[in-house]
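S.K.: Sharing a structure below in structure tokens format, with a few things to ask.
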Amino acid sequence: MKIRFWGVRGSIASPGHDTAAVGGNTSCVEVRLPARGGASAETRIVLDAGTGLRALGNHLVTSGAACDPLTLLLSHCHWDHIQGLPFFVPVYMKQASLTIVGAQNGVTSIRETLERQMSAPVFPVRLDEVGARIATREVKLGEVFHVGDAKVSVARGNHPGGVLAYRIEHDGKSVVYATDTEHYACVDPALRALCEGADVLVYDAQYTPDEYRGKVGWGHSTYVAGAELARAAGVGTLVLFHHDPMRADDGVVEIEAKARALFRSSIAAREGMEIDLRTGLTCLTGRAAA
């Protein structure tokens, strides 16, 4: 299992010289699983479709993998988690196929939500005009399903409008994606169960504890709560994610150091960072990550 980060910011894309080292694109994480049983392509699962999805799409085109089947797991449909889809080149390719998974929201289906995003007057191409075969699937809390050989489990997070956290397991390795979730006074029991023994936990650490005091109820968490969850669940590595768009690179590095004081195996997500669970190696654009 390999995990690559294409977008690590929260709320809104934040390009600029102060955010270039960590990255300014919004949430998008790729999980790749090796081909098995004579399959010609890896199993590719993408978590969220923020603006980082655009760069992933370009990479798939140049690497010749744009038409390989892809499963997209949406945590929720707030704009910073879906706005990369209209700019994802593979959706315009007739040979491509995409399965989009998300939660029931009681208002619109996943497809209707994405259709609204790609409709006049806000976008010139409708979702039903793209070339790729797009299927949607709505999952329930506690549901377990498979993507290829990977087992995917679903749990509830704490966010306005609702949010899903996912656990992906394959060949004895596991990663949990729990972004846009606000902690409670105690460790969230649903997330603790989902994270139990996971190799990697990708967790919303948008705020410092001081910042959080003025933003209770906004649906985001802190590196302190992330460390507590990782310790309680026996997680291998905590990845701090969904960085505040106002936080400069040096501020992310500072939070990373504080998190390591609480949970030694903590690292801040950066665009281009890749974690290889087979080797335990974490790299950033060809270098060892900080």
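Starting from 1 in every chain, residues are counted up; chains themselves are A, B, ... following the order of the structure tokens, and ligands are numbered from 1 as listed.
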Per residue of stretch 89-182 of chain A within 8 Å of stretch 53-76 of chain A, note the shortest atom pair and the distance in Å to one decimal, counting only C-alpha atoms, and order the rows by chain and increasing residue number, as a tab-separated table.
M.R.:
```
residue	atom	partner	partner_atom	distance
A:Val89	CA	A:Gly57	CA	5.4
A:Pro90	CA	A:Ala66	CA	5.4
A:Met93	CA	A:Cys67	CA	7.4
A:Gln95	CA	A:Cys67	CA	5.5
A:Ala96	CA	A:Cys67	CA	4.0
A:Ser97	CA	A:Pro69	CA	5.3
A:Leu98	CA	A:Leu70	CA	5.1
A:Thr99	CA	A:Thr71	CA	4.8
A:Ile100	CA	A:Leu72	CA	4.7
A:Val101	CA	A:Leu73	CA	4.8
A:Gly102	CA	A:Leu74	CA	5.0
A:Ala103	CA	A:His76	CA	7.0
A:Val147	CA	A:Thr71	CA	7.5
A:Gly162	CA	A:His76	CA	7.0
A:Val163	CA	A:His76	CA	5.1
A:Leu164	CA	A:Ser75	CA	4.7
A:Ala165	CA	A:Ser75	CA	6.3
A:Tyr166	CA	A:Ser75	CA	7.9
A:Thr179	CA	A:Ser75	CA	7.5
```
S.K.: Which residues, written as a ChimeraX atom specification, have at least one atom at most 9 Å from A:Pro86, with only C-alpha atoms counted and residues fewer than 2 positions away on the same chain left out?
M.R.: /A:54,82-84,88-89,91,117-118,123,125,127
S.K.: What does the file look like for those residues with C-alpha atoms, as a short mmCIF file (atom, residue, chain, number, x, y, z; two decimals), in the first residue's frame?
M.R.:
```cif
data_model
loop_
_atom_site.label_atom_id
_atom_site.label_comp_id
_atom_site.auth_asym_id
_atom_site.auth_seq_id
_atom_site.Cartn_x
_atom_site.Cartn_y
_atom_site.Cartn_z
CA ARG A 54 -6.41 18.22 -10.74
CA ILE A 82 -15.35 18.23 -4.48
CA GLN A 83 -14.21 21.27 -6.47
CA GLY A 84 -11.36 19.39 -8.17
CA PHE A 88 -9.94 16.07 -13.35
CA VAL A 89 -8.91 15.25 -16.92
CA VAL A 91 -13.51 12.26 -16.45
CA GLN A 117 -21.56 21.88 -9.15
CA MET A 118 -21.16 21.30 -12.90
CA PHE A 123 -19.55 25.67 -15.02
CA VAL A 125 -19.73 21.39 -18.96
CA LEU A 127 -21.60 16.08 -15.56
#
```
S.K.: Taking only C-alpha atoms into account, name the residue in A:Pro124, A:Gly50, A:Gly236, A:Gly16 that is nearest to A:Glu30.
M.R.: A:Gly50
S.K.: Per residue of stretch 26-64 of chain A within 6 Å of stretch 4-10 of chain A, what are the shortest atom pair and its distance in Å to one decimal, counting only C-alpha atoms, with rows by chain and residue number, as CSV?
M.R.:
```
residue,atom,partner,partner_atom,distance
A:Thr26,CA,A:Arg9,CA,4.5
A:Ser27,CA,A:Gly7,CA,4.5
A:Cys28,CA,A:Gly7,CA,4.7
A:Val29,CA,A:Phe5,CA,4.7
A:Glu30,CA,A:Arg4,CA,5.1
A:Gly52,CA,A:Gly7,CA,4.2
```
S.K.: Could you dump the residues just selected with C-alpha atoms as a PDB file, in the first residue's frame?
M.R.:
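Once everything was written out, this is selection_11.pdb:
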```pdb
ATOM      1  CA  THR A  26      -7.358  21.210  -0.811  1.00  0.00           C
ATOM      2  CA  SER A  27      -7.984  17.640   0.274  1.00  0.00           C
ATOM      3  CA  CYS A  28      -6.983  14.787  -2.018  1.00  0.00           C
ATOM      4  CA  VAL A  29      -5.160  11.601  -1.000  1.00  0.00           C
ATOM      5  CA  GLU A  30      -4.337   8.688  -3.301  1.00  0.00           C
ATOM      6  CA  GLY A  52      -5.400  18.488  -5.453  1.00  0.00           C
TER       7      GLY A  52
END
```
S.K.: Can you list, as number ranges by chain, all residues belonging to stretch 83-210 of chain A that DSSP tags as alpha helix (DSSP H)?
M.R.: A: 110-117, 189-195, 209-210
S.K.: Generate a file of the selected residues that holds C-alpha atoms, formatted as a short mmCIF file (atom, residue, chain, number, x, y, z; two decimals), in the first residue's frame.
M.R.:
```cif
data_model
loop_
_atom_site.label_atom_id
_atom_site.label_comp_id
_atom_site.auth_asym_id
_atom_site.auth_seq_id
_atom_site.Cartn_x
_atom_site.Cartn_y
_atom_site.Cartn_z
CA ILE A 110 -24.27 12.32 -4.50
CA ARG A 111 -24.80 12.52 -8.23
CA GLU A 112 -27.28 15.39 -7.91
CA THR A 113 -24.83 17.30 -5.72
CA LEU A 114 -22.02 16.88 -8.23
CA GLU A 115 -24.36 17.75 -11.10
CA ARG A 116 -25.24 21.03 -9.38
CA GLN A 117 -21.56 21.88 -9.15
CA PRO A 189 -15.33 6.13 20.45
CA ALA A 190 -16.42 5.63 16.82
CA LEU A 191 -13.10 6.87 15.49
CA ARG A 192 -11.15 4.97 18.09
CA ALA A 193 -12.79 1.74 16.96
CA LEU A 194 -12.16 2.57 13.31
CA CYS A 195 -8.50 3.44 13.99
CA PRO A 209 -5.84 24.48 20.94
CA ASP A 210 -5.90 28.27 21.34
#
```
S.K.: When distances are computed from only C-alpha atoms, which of A:Asp244, A:Phe87, A:Asp188, A:Ile255 shows the smallest separation from A:Ala225?
M.R.: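 Checking each candidate against A:Ala225, we get A:Asp188 as the closest.
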S.K.: Would you work out the distance separating atom CA of A:Val152 from atom CA of A:Glu169, expressed in Å to one decimal?
M.R.: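 If I compute the distance from atom CA of A:Val152 to atom CA of A:Glu169, I get 6.5 Å.
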S.K.: Work out how far apart atom CA of A:Phe241 and atom CA of A:Gly161 are and give it in Å to one decimal.
M.R.: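 If I compute the distance from atom CA of A:Phe241 to atom CA of A:Gly161, I get 20.0 Å.
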S.K.: Between A:Arg36, A:Arg264, A:Lys173, A:Arg167, which residue has the minimum interatomic distance to A:Asp199, considering only C-alpha atoms?
M.R.: A:Lys173
S.K.: Could you tell me how far atom CA of A:Asp249 sits from atom CA of A:Ala230, in Å to one decimal place?
M.R.: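 So the answer is 23.6 Å.
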S.K.: Neighbouring residues of A:Val200 were defined as those with any atom within 9 Å, considering only C-alpha atoms; residues of the same chain fewer than 6 positions away were excluded. Please report them as a list of chain:residue names.
M.R.: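 That gives A:Lys173, A:Ser174, A:Val175, A:Val176, A:Tyr177, A:Val235, A:Gly236, A:Thr237, A:Leu238, A:Val239, A:Leu277.
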